[in-house]
Every structure is written in C-alpha cells, then in structure tokens.
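Enquirer: The following file, entry_30.cif, comprises mmCIF, C-alpha atoms:
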```
data_coords
#
loop_
_atom_site.label_atom_id
_atom_site.label_comp_id
_atom_site.auth_asym_id
_atom_site.auth_seq_id
_atom_site.Cartn_x
_atom_site.Cartn_y
_atom_site.Cartn_z
CA MET A 291 51.36 112.50 106.49
CA ILE A 292 55.14 112.94 106.68
CA ASP A 293 56.69 114.57 103.65
CA LEU A 294 60.20 113.20 103.71
CA LYS A 295 61.31 115.18 100.69
CA GLU A 296 60.30 118.51 102.24
CA ASN A 297 61.91 117.54 105.53
CA LEU A 298 65.19 116.67 103.82
CA VAL A 299 65.25 119.87 101.79
CA SER A 300 64.39 122.08 104.76
CA ARG A 301 67.08 120.51 106.98
CA HIS A 302 69.85 120.91 104.45
CA ASN A 303 71.10 124.38 105.38
CA ALA A 304 71.63 123.29 108.96
CA PHE A 305 73.41 120.19 107.70
CA LEU A 306 75.73 122.29 105.53
CA GLU A 307 76.66 124.57 108.42
CA ALA A 308 77.51 121.59 110.61
CA ASN A 309 79.42 119.59 108.01
CA GLN A 310 81.67 121.90 106.00
CA THR A 311 84.51 120.02 104.31
CA ASN A 312 86.05 121.46 101.15
CA PRO A 313 84.85 123.58 98.20
CA THR A 314 84.43 120.54 95.91
CA VAL A 315 82.18 118.58 98.23
CA ASP A 316 80.33 121.56 99.70
CA GLY A 317 79.54 122.81 96.19
CA LEU A 318 78.31 119.38 95.14
CA ARG A 319 76.04 119.21 98.19
CA LYS A 320 74.41 122.55 97.37
CA GLU A 321 73.90 121.58 93.74
CA ALA A 322 72.55 118.16 94.72
CA ILE A 323 69.86 119.36 97.10
CA GLU A 324 68.49 121.59 94.33
CA ILE A 325 68.38 118.61 91.97
CA PHE A 326 66.70 116.46 94.61
CA ASN A 327 64.19 119.22 95.33
CA ASN A 328 63.30 119.37 91.65
CA GLU A 329 63.30 115.62 90.98
CA GLY A 330 61.79 114.28 94.21
CA PHE A 331 61.62 110.58 94.89
CA PRO A 332 60.96 108.36 91.86
CA LYS A 333 57.43 107.15 91.19
CA ARG A 334 56.18 104.07 89.39
CA LYS A 335 55.21 106.16 86.38
CA ASP A 336 58.95 106.67 85.87
CA GLU A 337 59.98 103.92 83.43
CA GLU A 338 63.14 103.07 85.36
CA TRP A 339 61.10 102.56 88.55
CA LYS A 340 58.05 100.94 87.01
CA TYR A 341 58.33 97.73 89.00
CA THR A 342 59.78 99.07 92.25
CA ASN A 343 57.55 101.17 94.47
CA VAL A 344 59.51 103.28 96.96
CA ALA A 345 56.41 105.08 98.26
CA PRO A 346 56.30 102.99 101.47
CA LEU A 347 59.91 103.90 102.15
CA VAL A 348 59.42 107.66 101.92
CA LYS A 349 56.55 107.86 104.40
CA VAL A 350 58.86 107.38 107.36
CA ASP A 351 60.24 110.17 109.55
CA TYR A 352 63.85 108.98 109.49
CA THR A 353 66.55 110.41 111.64
CA LEU A 354 69.64 111.57 109.78
CA ASN A 355 71.77 111.22 112.88
CA ALA A 356 71.53 107.71 114.20
CA GLU A 357 72.71 107.57 117.79
CA GLU A 358 76.24 106.48 118.48
CA ALA A 359 76.42 102.89 119.64
CA THR A 360 78.86 100.14 120.39
CA VAL A 361 78.76 96.59 119.16
CA ASP A 362 80.66 93.79 120.85
CA ALA A 363 83.52 92.16 118.98
CA GLU A 364 81.91 88.73 119.07
CA THR A 365 78.90 90.00 117.12
CA ILE A 366 81.14 91.71 114.58
CA ASN A 367 83.39 88.68 114.11
CA GLY A 368 80.37 86.56 113.27
CA LEU A 369 79.51 88.90 110.40
CA PHE A 370 82.84 88.72 108.57
CA VAL A 371 83.59 86.02 106.02
CA ASN A 372 84.59 82.96 108.01
CA ASN A 373 88.32 82.08 108.01
CA LEU A 374 89.22 84.88 105.61
CA ASP A 375 92.44 86.79 106.32
CA SER A 376 91.39 90.31 105.39
CA ASN A 377 91.58 94.00 106.15
CA LYS A 378 88.49 94.81 108.19
CA VAL A 379 86.64 98.13 108.17
CA VAL A 380 83.59 98.64 110.39
CA PHE A 381 81.01 101.41 110.51
CA VAL A 382 78.37 101.45 113.25
CA ASN A 383 75.30 103.63 112.73
CA GLY A 384 77.15 105.52 110.02
CA LYS A 385 80.28 106.21 112.09
CA PHE A 386 83.71 104.64 111.51
CA ASP A 387 84.66 102.37 114.43
CA ALA A 388 88.46 102.21 114.68
CA ALA A 389 88.39 99.76 117.58
CA LEU A 390 86.46 97.16 115.57
CA SER A 391 88.48 97.73 112.40
CA SER A 392 91.77 96.09 111.51
CA ILE A 393 93.85 97.35 108.60
CA ALA A 394 97.07 95.40 108.02
CA SER A 395 97.99 95.84 104.34
CA GLU A 396 100.67 98.43 103.65
CA GLU A 397 100.24 98.47 99.86
CA VAL A 398 96.86 100.21 100.05
CA THR A 399 95.39 103.32 101.65
CA ILE A 400 92.19 102.55 103.55
CA LYS A 401 90.56 105.40 105.44
CA PRO A 402 87.15 106.65 106.51
CA LEU A 403 85.96 109.13 103.90
CA SER A 404 85.28 111.77 106.58
CA GLU A 405 89.04 112.03 107.21
CA VAL A 406 89.91 112.19 103.53
CA LEU A 407 87.48 115.01 102.78
CA VAL A 408 89.17 117.38 105.28
CA ASP A 409 92.77 116.25 104.79
CA ALA A 410 94.69 118.64 102.52
CA SER A 411 96.92 115.84 101.24
CA TYR A 412 93.91 114.14 99.62
CA GLN A 413 92.26 117.17 98.05
CA GLU A 414 93.74 116.46 94.62
CA VAL A 415 92.22 112.97 94.49
CA VAL A 416 88.93 114.27 95.90
CA GLU A 417 88.72 116.97 93.24
CA GLN A 418 89.62 114.49 90.50
CA PHE A 419 87.30 111.64 91.43
CA TYR A 420 84.61 112.56 94.00
CA GLY A 421 81.19 112.96 92.41
CA LYS A 422 82.56 112.64 88.88
CA ILE A 423 80.99 109.35 87.70
CA ALA A 424 77.60 109.10 89.39
CA LEU A 425 74.72 110.57 87.42
CA LYS A 426 73.77 113.70 89.34
CA ASN A 427 70.16 113.84 88.21
CA GLU A 428 69.24 110.48 89.71
CA ALA A 429 67.10 111.18 92.80
CA PHE A 430 68.82 108.84 95.24
CA VAL A 431 72.25 109.81 93.90
CA ALA A 432 71.37 113.46 94.42
CA LEU A 433 70.20 112.71 97.95
CA ASN A 434 73.47 110.95 98.73
CA ASN A 435 75.46 113.78 97.14
CA ALA A 436 73.57 116.24 99.34
CA TYR A 437 73.93 114.47 102.67
CA ALA A 438 76.72 111.87 102.65
CA THR A 439 79.53 112.39 105.16
CA GLU A 440 81.03 108.98 105.77
CA GLY A 441 82.05 105.78 104.02
CA PHE A 442 85.22 104.00 102.99
CA PHE A 443 88.05 105.40 100.90
CA VAL A 444 90.41 103.00 99.18
CA GLN A 445 93.37 104.07 97.06
CA VAL A 446 95.74 101.55 95.48
CA ALA A 447 98.94 102.94 94.00
CA LYS A 448 100.22 101.99 90.55
CA ASN A 449 101.56 98.41 90.23
CA LYS A 450 100.37 97.42 93.73
CA ILE A 451 98.56 94.13 94.27
CA VAL A 452 96.55 94.11 97.50
CA GLU A 453 96.90 90.53 98.69
CA LYS A 454 94.38 90.69 101.54
CA PRO A 455 90.78 91.47 100.58
CA ILE A 456 89.12 94.47 102.23
CA GLU A 457 85.96 93.61 104.16
CA VAL A 458 83.61 96.50 104.92
CA LEU A 459 80.75 96.10 107.39
CA TYR A 460 78.02 98.70 107.72
CA ILE A 461 76.21 97.93 110.99
CA ALA A 462 72.92 99.56 112.04
CA THR A 463 72.06 98.87 115.65
CA GLY A 464 68.55 100.24 115.19
CA ASN A 465 68.13 101.08 118.85
CA THR A 466 65.83 104.08 118.47
CA GLN A 467 64.15 105.88 115.59
CA GLU A 468 64.35 104.53 112.04
CA ALA A 469 67.49 105.85 110.41
CA LEU A 470 68.27 107.03 106.90
CA LEU A 471 71.88 105.98 106.40
CA GLN A 472 73.83 107.28 103.41
CA PRO A 473 77.27 105.71 103.14
CA ARG A 474 79.52 107.14 100.45
CA ASN A 475 82.50 105.20 99.11
CA LEU A 476 85.35 106.19 96.82
CA VAL A 477 87.79 103.69 95.33
CA VAL A 478 90.74 104.69 93.15
CA ILE A 479 92.83 101.87 91.65
CA GLY A 480 96.10 102.78 89.99
CA ASP A 481 97.43 101.35 86.72
CA GLN A 482 98.37 97.64 86.87
CA ALA A 483 96.99 97.39 90.43
CA LYS A 484 94.48 94.94 91.93
CA VAL A 485 92.12 94.97 94.90
CA GLN A 486 89.25 92.85 96.17
CA ILE A 487 86.52 94.46 98.31
CA ILE A 488 83.69 92.75 100.19
CA GLU A 489 80.75 94.91 101.31
CA LYS A 490 77.92 94.01 103.65
CA HIS A 491 75.07 95.99 105.29
CA VAL A 492 73.55 94.52 108.45
CA THR A 493 70.84 95.64 110.87
CA LEU A 494 70.96 94.03 114.29
CA ASN A 495 67.24 94.21 115.08
CA GLU A 496 63.89 94.77 113.34
CA THR A 497 64.06 98.57 112.99
CA ALA A 498 62.92 99.66 109.51
CA ASN A 499 66.06 101.51 108.43
CA LEU A 500 66.71 102.73 104.90
CA THR A 501 70.23 102.77 103.46
CA ASN A 502 70.98 104.88 100.40
CA ALA A 503 74.55 103.92 99.42
CA LEU A 504 76.72 105.32 96.66
CA THR A 505 80.06 103.93 95.50
CA GLU A 506 82.31 105.38 92.80
CA VAL A 507 85.21 103.30 91.50
CA ASN A 508 87.95 104.33 89.08
CA VAL A 509 89.88 101.37 87.64
CA GLY A 510 93.22 102.35 86.12
CA LYS A 511 94.86 100.95 82.99
CA ASN A 512 95.35 97.18 83.08
CA ALA A 513 94.05 97.14 86.67
CA ASP A 514 91.68 94.69 88.38
CA LEU A 515 88.69 95.24 90.63
CA TYR A 516 86.76 92.49 92.40
CA LEU A 517 83.75 93.84 94.32
CA TYR A 518 81.54 91.45 96.29
CA LYS A 519 78.20 92.68 97.64
CA PHE A 520 76.36 90.64 100.29
CA GLN A 521 72.72 91.63 100.87
CA ASN A 522 70.96 89.58 103.53
CA ASP A 523 69.26 92.00 105.89
CA THR A 524 65.99 91.64 107.79
CA ASP A 525 62.55 91.86 106.21
CA ASN A 526 62.03 95.43 107.49
CA VAL A 527 65.22 96.97 106.13
CA SER A 528 65.62 98.46 102.66
CA LEU A 529 68.67 99.28 100.57
CA ILE A 530 69.16 101.52 97.56
CA ASP A 531 72.64 100.75 96.25
CA ASN A 532 74.20 102.87 93.50
CA THR A 533 77.55 101.73 92.10
CA TYR A 534 79.38 103.54 89.30
CA ILE A 535 82.54 102.13 87.78
CA ASN A 536 84.83 103.95 85.36
CA GLN A 537 87.32 101.71 83.52
CA GLU A 538 90.49 102.75 81.70
CA ARG A 539 91.94 100.71 78.82
CA ASP A 540 92.87 97.02 79.37
CA SER A 541 91.17 97.01 82.79
CA ARG A 542 88.95 94.35 84.30
CA ALA A 543 86.08 95.00 86.73
CA HIS A 544 84.07 92.20 88.33
CA VAL A 545 81.05 92.82 90.55
CA PHE A 546 79.26 89.98 92.35
CA THR A 547 75.88 90.67 93.96
CA PHE A 548 74.43 88.10 96.37
CA SER A 549 70.92 89.16 97.39
CA PHE A 550 69.33 86.98 100.06
CA GLY A 551 67.18 89.38 102.10
CA GLY A 552 65.76 92.82 102.78
CA LYS A 553 62.38 94.46 102.32
CA ILE A 554 63.15 96.44 99.16
CA VAL A 555 66.58 96.18 97.57
CA ARG A 556 67.46 98.18 94.48
CA ASN A 557 70.85 97.69 92.84
CA ASN A 558 71.86 100.29 90.26
CA LEU A 559 75.11 99.03 88.75
CA ASN A 560 76.73 101.13 86.03
CA PHE A 561 79.90 100.51 84.01
CA PHE A 562 81.61 103.03 81.73
CA GLN A 563 84.39 101.72 79.49
CA ASN A 564 86.82 104.49 78.57
CA GLY A 565 89.50 102.65 76.63
CA GLU A 566 90.15 99.64 74.42
CA ASN A 567 90.21 96.06 75.74
CA CYS A 568 88.11 96.69 78.85
CA ASN A 569 86.30 93.74 80.41
CA SER A 570 83.22 94.29 82.62
CA VAL A 571 81.72 91.31 84.48
CA MET A 572 78.57 91.13 86.57
CA ASP A 573 77.42 87.96 88.34
CA GLY A 574 74.49 87.73 90.73
CA ILE A 575 72.45 85.29 92.75
CA THR A 576 69.10 86.38 94.15
CA MET A 577 67.22 84.11 96.52
CA ILE A 578 64.31 85.66 98.38
CA GLU A 579 60.96 84.77 99.92
CA ASN A 580 58.03 86.22 101.88
CA LYS A 581 57.25 89.72 100.51
CA GLN A 582 60.84 90.65 99.77
CA HIS A 583 61.61 92.65 96.64
CA VAL A 584 64.96 92.81 94.79
CA ASP A 585 65.52 94.94 91.69
CA HIS A 586 68.72 94.70 89.62
CA HIS A 587 69.23 97.57 87.18
CA THR A 588 72.50 97.25 85.25
CA PHE A 589 74.03 99.43 82.56
CA VAL A 590 77.17 99.01 80.47
CA GLU A 591 78.33 101.77 78.14
CA HIS A 592 80.75 100.58 75.47
CA ASN A 593 82.67 103.54 74.08
CA PHE A 594 85.76 101.87 72.58
CA PRO A 595 86.55 98.86 70.36
CA ASN A 596 87.73 95.37 71.36
CA CYS A 597 85.98 95.38 74.74
CA GLU A 598 83.85 92.78 76.49
CA SER A 599 81.02 92.65 79.01
CA HIS A 600 79.57 89.52 80.59
CA GLU A 601 76.47 89.46 82.74
CA LEU A 602 74.91 86.44 84.46
CA TYR A 603 72.13 86.75 87.04
CA LYS A 604 70.31 83.78 88.57
CA GLY A 605 67.11 84.26 90.60
CA ILE A 606 65.10 81.97 92.88
CA TYR A 607 61.85 83.41 94.18
CA ASP A 608 59.53 81.89 96.79
CA GLY A 609 56.48 83.06 98.75
CA LYS A 610 55.15 86.42 97.55
CA SER A 611 58.57 87.75 96.64
CA GLU A 612 59.16 89.96 93.63
CA GLY A 613 62.16 90.23 91.38
CA VAL A 614 63.15 92.75 88.74
CA PHE A 615 65.98 92.54 86.25
CA ASN A 616 66.65 95.33 83.77
CA GLY A 617 69.98 95.05 82.02
CA LYS A 618 70.96 97.59 79.38
CA ILE A 619 73.98 97.45 77.08
CA PHE A 620 74.70 100.59 75.05
CA VAL A 621 77.17 100.28 72.16
CA HIS A 622 78.46 103.46 70.53
CA LYS A 623 79.38 103.35 66.84
CA GLU A 624 83.09 103.54 67.70
CA ALA A 625 82.89 100.37 69.81
CA GLN A 626 83.60 97.87 67.05
CA LYS A 627 84.65 94.24 67.51
CA LEU A 628 83.25 93.89 71.02
CA ASN A 629 81.61 90.94 72.71
CA ALA A 630 78.68 91.66 75.02
CA PHE A 631 76.75 88.83 76.71
CA GLN A 632 73.80 89.13 79.06
CA GLN A 633 71.73 86.38 80.67
CA ASN A 634 69.04 86.33 83.36
CA ASN A 635 67.50 83.01 84.46
CA ASN A 636 64.82 82.63 87.11
CA VAL A 637 62.97 79.91 89.00
CA LEU A 638 59.63 80.62 90.69
CA LEU A 639 58.94 78.29 93.61
CA SER A 640 55.41 79.51 94.30
CA ASP A 641 52.43 80.73 92.33
CA SER A 642 52.58 84.06 94.20
CA ALA A 643 56.20 84.87 93.36
CA SER A 644 56.99 86.99 90.31
CA ILE A 645 59.83 88.35 88.20
CA ASN A 646 59.86 91.15 85.63
CA THR A 647 62.91 90.77 83.43
CA LYS A 648 63.99 92.96 80.53
CA PRO A 649 67.38 92.66 78.83
CA GLN A 650 68.07 95.62 76.54
CA LEU A 651 70.56 96.18 73.72
CA GLU A 652 71.12 99.49 71.96
CA ILE A 653 73.75 98.98 69.27
CA PHE A 654 75.13 101.63 66.91
CA ALA A 655 78.20 99.64 65.75
CA ASP A 656 78.04 97.06 62.95
CA ASP A 657 80.89 94.65 63.78
CA VAL A 658 79.97 93.33 67.23
CA LYS A 659 78.83 90.15 68.97
CA CYS A 660 75.98 90.96 71.31
CA SER A 661 73.51 88.50 72.79
CA HIS A 662 70.98 88.52 75.57
CA GLY A 663 68.37 86.22 76.98
CA CYS A 664 66.09 85.56 79.91
CA THR A 665 64.09 82.61 81.19
CA VAL A 666 61.40 82.18 83.83
CA GLY A 667 60.23 78.74 84.91
CA GLN A 668 59.52 76.30 87.72
CA LEU A 669 61.60 73.53 89.21
CA ALA A 670 61.69 70.52 86.85
CA GLU A 671 59.36 67.94 88.37
CA ASP A 672 60.80 65.07 86.30
CA SER A 673 64.31 65.79 87.60
CA LEU A 674 62.98 65.96 91.15
CA PHE A 675 61.15 62.65 90.67
CA TYR A 676 64.28 61.06 89.16
CA MET A 677 66.40 61.99 92.18
CA GLN A 678 63.76 60.83 94.66
CA GLN A 679 63.65 57.47 92.91
CA ARG A 680 67.34 57.11 93.74
CA GLY A 681 66.81 57.58 97.44
CA ILE A 682 67.38 61.31 97.81
CA PRO A 683 64.71 62.90 100.05
CA LYS A 684 62.56 65.48 98.27
CA LYS A 685 63.84 68.44 100.30
CA GLU A 686 67.49 67.61 99.60
CA ALA A 687 66.78 66.78 95.96
CA LYS A 688 65.12 70.16 95.51
CA ALA A 689 68.08 71.89 97.16
CA LEU A 690 70.61 70.13 94.94
CA LEU A 691 68.72 71.08 91.80
CA LEU A 692 68.43 74.73 92.86
CA TYR A 693 72.09 74.91 93.82
CA ALA A 694 73.08 73.45 90.45
CA PHE A 695 70.93 76.12 88.81
CA ALA A 696 72.40 79.04 90.77
CA SER A 697 76.03 78.00 91.06
CA ASP A 698 77.01 79.14 87.55
CA ALA A 699 77.10 82.66 88.98
CA LEU A 700 79.81 81.56 91.45
CA GLN A 701 82.27 80.20 88.92
CA ARG A 702 84.21 83.46 88.62
CA VAL A 703 84.56 84.05 92.38
CA GLU A 704 88.30 83.92 93.15
CA ILE A 705 88.03 83.59 96.94
CA GLU A 706 87.12 80.11 98.16
CA GLU A 707 85.89 81.42 101.52
CA ILE A 708 83.32 83.59 99.71
CA GLN A 709 82.10 80.61 97.71
CA ASN A 710 81.68 78.76 101.02
CA VAL A 711 79.69 81.64 102.53
CA VAL A 712 77.31 81.72 99.57
CA ASN A 713 76.97 77.94 99.63
CA HIS A 714 76.00 78.05 103.31
CA MET A 715 73.55 80.90 102.68
CA ILE A 716 71.85 78.87 99.95
CA ALA A 717 71.70 75.80 102.19
CA ALA A 718 70.26 77.87 105.04
CA LYS A 719 67.62 79.39 102.78
CA LEU A 720 66.57 75.93 101.60
CA GLY A 721 66.63 74.47 105.13
CA VAL A 722 69.08 71.69 104.33
CA ASP A 723 72.37 70.56 105.86
CA ILE A 724 74.38 70.05 102.69
CA ASP A 725 77.94 71.19 102.00
CA PHE A 726 77.58 72.33 98.41
CA GLU A 727 80.79 72.43 96.39
CA LEU A 728 81.62 73.69 92.93
CA ASN A 729 83.09 71.14 90.53
#
```
Since I need it in another form, could you write the structure as structure tokens?
Expert:
Amino acid sequence: MIDLKENLVSRHNAFLEANQTNPTVDGLRKEAIEIFNNEGFPKRKDEEWKYTNVAPLVKVDYTLNAEEATVDAETINGLFVNNLDSNKVVFVNGKFDAALSSIASEEVTIKPLSEVLVDASYQEVVEQFYGKIALKNEAFVALNNAYATEGFFVQVAKNKIVEKPIEVLYIATGNTQEALLQPRNLVVIGDQAKVQIIEKHVTLNETANLTNALTEVNVGKNADLYLYKFQNDTDNVSLIDNTYINQERDSRAHVFTFSFGGKIVRNNLNFFQNGENCNSVMDGITMIENKQHVDHHTFVEHNFPNCESHELYKGIYDGKSEGVFNGKIFVHKEAQKLNAFQQNNNVLLSDSASINTKPQLEIFADDVKCSHGCTVGQLAEDSLFYMQQRGIPKKEAKALLLYAFASDALQRVEIEEIQNVVNHMIAAKLGVDIDFELN
C-alpha cells in the first residue's frame, strides 16, 4: 500500500534544493515538514476530523509536479463569472498562465506568488505576513507550508478601493497521473482599502486530483474584504481549503462559500479579530448529492470589545451525500459588548443523506450577545401540496421552496453577477429552468 506521508517526507530534501526562495520561506518549509512528519494526516479519532475521513485520499500516489498544459481561451472564458468586468488570474496545473490572465486595475498589485517570493522588493511584506496567521501544527497547513510554491498575491495600498473584482481560476487538466496541488495565496489589504476576490478550482476531466489550498489574508484598519469561494468540481476531485483572516480594528471581512460539488470538500475558515469594532461575516450555501461530502469548520476568535460576527450556512443534501458543520466562536474576557450570531439550517431530500452539525460557543466575557442554532428537516409537504394546487408542477414547486430556503445566504452578496451565477447553479442542480431572483 502507498504511504503518502512517507513519500512526501522523503521527497522534501530534493524539493528544497530545487525550490530555494528566501530565508523566511525556506525556513518555514523545513520546520513544516518536521511538523507534518510528526502529526501525519488526521484520522477520525481526532475530534476535529471525526466526521470527515481523509483515508481514501491519502492512499493515492500523487504527483507533485503536474505536467505543464495549455487550455484554450474558450474553455477558460466559460469558467469566469458571466458578464463580470474583472481582473482575471489563471493557474493551469499549478502554474501561472500569463496568456490567459488579464490584470487591468492599477490600484492593486496582483502577482503570482512565485515571483513575489524571489523579488527583493517584496521581502518585507513576505517576512511580515507569509506564514504568520495559519496554525502551523495543522497537518494540511503544515503540508502546504512545506511544499507550496505558487498561488496569487494581492496587495492593496492604503485608501485604495479596487473597483474591479479579482477572479482567480485554478485549473487542473488532469491529463496524466493524479496530482496533489497546493496553491498558496497571500492577501494584504491596507487601511481604509477594499477588494473583492472570487476563487474557483476546476478539474477538466475525471482525474482524482487532491487540492490542498491555503490562503492568508490581513485586513487593515477600517478596510473591507469580500471573498467568494465557488466549489463545484467533479465527483472524483477533493479539496482541503484552509483560510485564515486577520482583522485590524474597524475592519469588515465577508466570506461566501458556495459548495455544489466535489468528492470530499473540507473548508477550514478562521477569523482573528485584533482590534475594536471588527465585523466578521460568513455565508454559505451547500447543495450536494450522490456520495459527495462537504465539511464546514469555522472559527471566530473575539479578542476585543464592540465587535460582531455573523454566520449563516444553508445546506441541501440529496442522495447519499454527507454534510458537516462545526462552527466555533471563542470570546475572550476582554471582548465585552460584542454580538455574535451563528445559524446552520439544513434540508435532507433523501433518507440516505445526512448532516452532522455542531455550533459551539466558548464565552469568557459577561456583557455579550451570543446566539447559535441549527435545524435539520425535510421539505414541507404541505407547502409543496399548496403550490401544486395552484398549478405549479411538483418539480418547479420543490425548486422554488428550496431556493427560498437557501437564498437568505445570498442577501449580503454585493455583486449581482455572482447572485446570478449561484441562482443558475441552484436551478441546474434541481433540473429546472427558472430564473430565480432575490426580492
């Protein structure tokens, strides 16, 4: 049997020799492989991985160097958000593709991370922010720390508003051996600045790739981040997505996660509030079927007073699909007068679908408003019957009810074209030709 952990550890020296960058990153890589060697891949006996079994994913002899490939522009254009005027950044099999990318905004620096790591003019920002937020002892974080070489780098200067969103496509052509892809992203947003980023991972055939992504975001004082994650890959492809967000005072960070496909998808989303009046928002829609598995693990650490966090996840599960939601809010004793809200609602469309949901609050302050809740149920048959009695076919009536259920998680999306994309994805999943619209 293939021992992926041993293979990864044994290959690391050769990787280091071939990919030297700077002392900060090279030192992190050496430290990380030792952590990964000690920790290994998580097992179901680990509480944080109790409901997500990665054992099938670590029995594959992945290549770490997916072959270089080209993708035609027509294919790429069909993967971007329709009719959206945006900066476009494309990676194919882990490599930045300048020909397929289009960067027009002058108020933002957008570069492939591989260039930033070896460019002397960026070493100060690398030393200040690279590898500083992500928890080093997490196995998949350690693996990314050890091996990552490429991803997107975004830096927004103080007081700059980036008008055009940044769309990032990670394309896997999957032409040969299964690939282990490890994109690494770094976003630094200056004080009073704003940026919107849209991220999507796509595999163009049925190859069983595994992506282990890591994104670190620093949001400056009174700055805004909007991060949209689209997850709709094939049934053979798996994604471990780690996102760490550090917020300075008066900042706002919004992350939207739309999970519509993939074999095993694990979203680790972590917020750290490091100043007063921070606002952290998480919205998500999960809609899966067959034997797909999506696990949302969220964490918000409130360190200062007068902050807020809002979390709303809606799930629709069909077939033999499995969902997991584990949302943890940690309130330090200094974090008085905060408002923290967390909600997870789920609909099971089949007897074989399941969801394990666990909201968690740990509160050490005494003057706070914190609430959480979760629901699991089936589609309301009386509502379905009512709509059918008024001439709406059962299939369309079911779709309208499910869209009404899920659409709350779209209310805070600022970009109309993204709302349209999600609406079309929901309609496609339900097999109806309905143009859903938010009221």
Enquirer: Can you pull out the residues contacting range 676-678 of chain A? Cut-off 10 Å, using only C-alpha atoms, and skip same-chain residues under 4 positions away; I want them as an MDAnalysis selection string.
Expert: chainID A and resid 671:672 682:688 690:691
Enquirer: Apply the PyMOL selection byres ((chain A and resi 434) around 8) to the structure shown and report the selected residues as a PyMOL selection string.
Expert: chain A and resi 430-433+435-438+472-474+502-504
Enquirer: What is the CA of Ile479 in chain A to CA of Leu515 in chain A distance in Å?
Expert: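 Those two atoms sit 7.9 Å apart.
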Enquirer: Give me, as a PyMOL selection string, all polymer residues having an atom no more than 6 Å from range 483-494 of chain A, counting only C-alpha atoms and skipping those fewer than 4 positions away in the same chain.
Expert: chain A and resi 448-452+455-463+513-520+523
Enquirer: Can you turn the PyMOL selection byres ((chain A and resi 500) around 7) into a concrete residue list for this file, as a ChimeraX atom specification?
Expert: /A:469-471,498-499,501-502,527-529
Enquirer: For each of A:Leu700, A:Val380, A:Val416, A:Val571, take the minimum atom-to-atom distance to Asp362 in chain A, counting all atoms listed in the file, then give the residue where this is smallest.
Expert: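 Looking at the shortest contact to Asp362 in chain A, the residue is A:Val380.
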Enquirer: Report, in Å to a single decimal, how far apart CA of His544 in chain A and CA of Val446 in chain A are.
Expert: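 Atom-to-atom, CA of Val446 in chain A and CA of His544 in chain A are spaced 16.6 Å apart.
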Enquirer: Measuring atom to atom with all atoms listed in the file, identify which of A:Phe631, A:Phe615, A:Tyr603, A:Tyr534 is nearest to Phe695 in chain A.
Expert: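 Closest to Phe695 in chain A, using all atoms listed in the file: A:Tyr603.
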Enquirer: Translate the PyMOL selection byres ((chain A and resi 638) around 12), as applied to the file shown, into an explicit residue set as a PyMOL selection string.
Expert: chain A and resi 576-579+604-613+635-637+639-646+665-670+692
Enquirer: Of the residues A:Arg539, A:Lys719, A:His302, A:Lys659, which is the one nearest to Ala322 in chain A, using all atoms listed in the file?
Expert: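 Smallest separation from Ala322 in chain A among the options: A:His302.
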Enquirer: To one decimal in Å, tell me the separation between CA of Asp351 in chain A and CA of Lys333 in chain A.
Expert: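 Computing the Euclidean distance for CA of Asp351 in chain A and CA of Lys333 in chain A yields 18.8 Å.
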Enquirer: Give the answer as one residue: which of A:Ser376, A:Gln310, A:Ser300, A:Thr647 has the shortest atom-to-atom distance to Ile708 in chain A, using only C-alpha atoms?
Expert: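 Closest residue, counting only C-alpha atoms: A:Ser376.
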Enquirer: Using all atoms listed in the file, find the one residue out of A:Asn383, A:Gln626, A:Asn522, A:Ser599 that sits nearest to Thr353 in chain A.
Expert: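 Result for the nearest residue to Thr353 in chain A: A:Asn383.
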Enquirer: So, with all atoms listed in the file as the atoms that count, which of A:Ala429, A:Leu476, A:Ala308, A:Ala696 lies closest to Ile530 in chain A?
Expert: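 Nearest candidate to Ile530 in chain A out of A:Ala429, A:Leu476, A:Ala308, A:Ala696: A:Ala429.
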Enquirer: Counting all atoms listed in the file, which residues of range 437-494 of chain A fall within 8 Å of range 401-410 of chain A, and what is the closest atom pair for each with its distance in Å at one decimal, ordered by chain and rising number, as CSV?
Expert:
```
residue,atom,partner,partner_atom,distance
A:Thr439,CA,A:Ser404,CA,6.0
A:Glu440,CA,A:Ser404,CA,5.1
A:Gly441,CA,A:Leu403,CA,5.2
A:Phe442,CA,A:Pro402,CA,4.8
A:Phe443,CA,A:Lys401,CA,5.2
A:Val444,CA,A:Lys401,CA,6.7
A:Arg474,CA,A:Leu403,CA,7.6
A:Asn475,CA,A:Leu403,CA,7.1
A:Leu476,CA,A:Leu403,CA,7.7
```
Enquirer: Skipping near chain neighbours, those fewer than 3 positions away, what residues fall within 8 Å of Asp725 in chain A using all atoms listed in the file, listed as a list in words?
Expert: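 Near Asp725 in chain A, the qualifying residues are Asn713, His714 and Ala717 of chain A.
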Enquirer: Would you mind listing what lies within 10 Å of Ala389 in chain A as a list of chain:residue names, with only C-alpha atoms counted and same-chain residues fewer than 6 positions away left out?
Expert: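 After dropping sequence-adjacent residues, the list is A:Thr360, A:Ala363, A:Val379, A:Val380.
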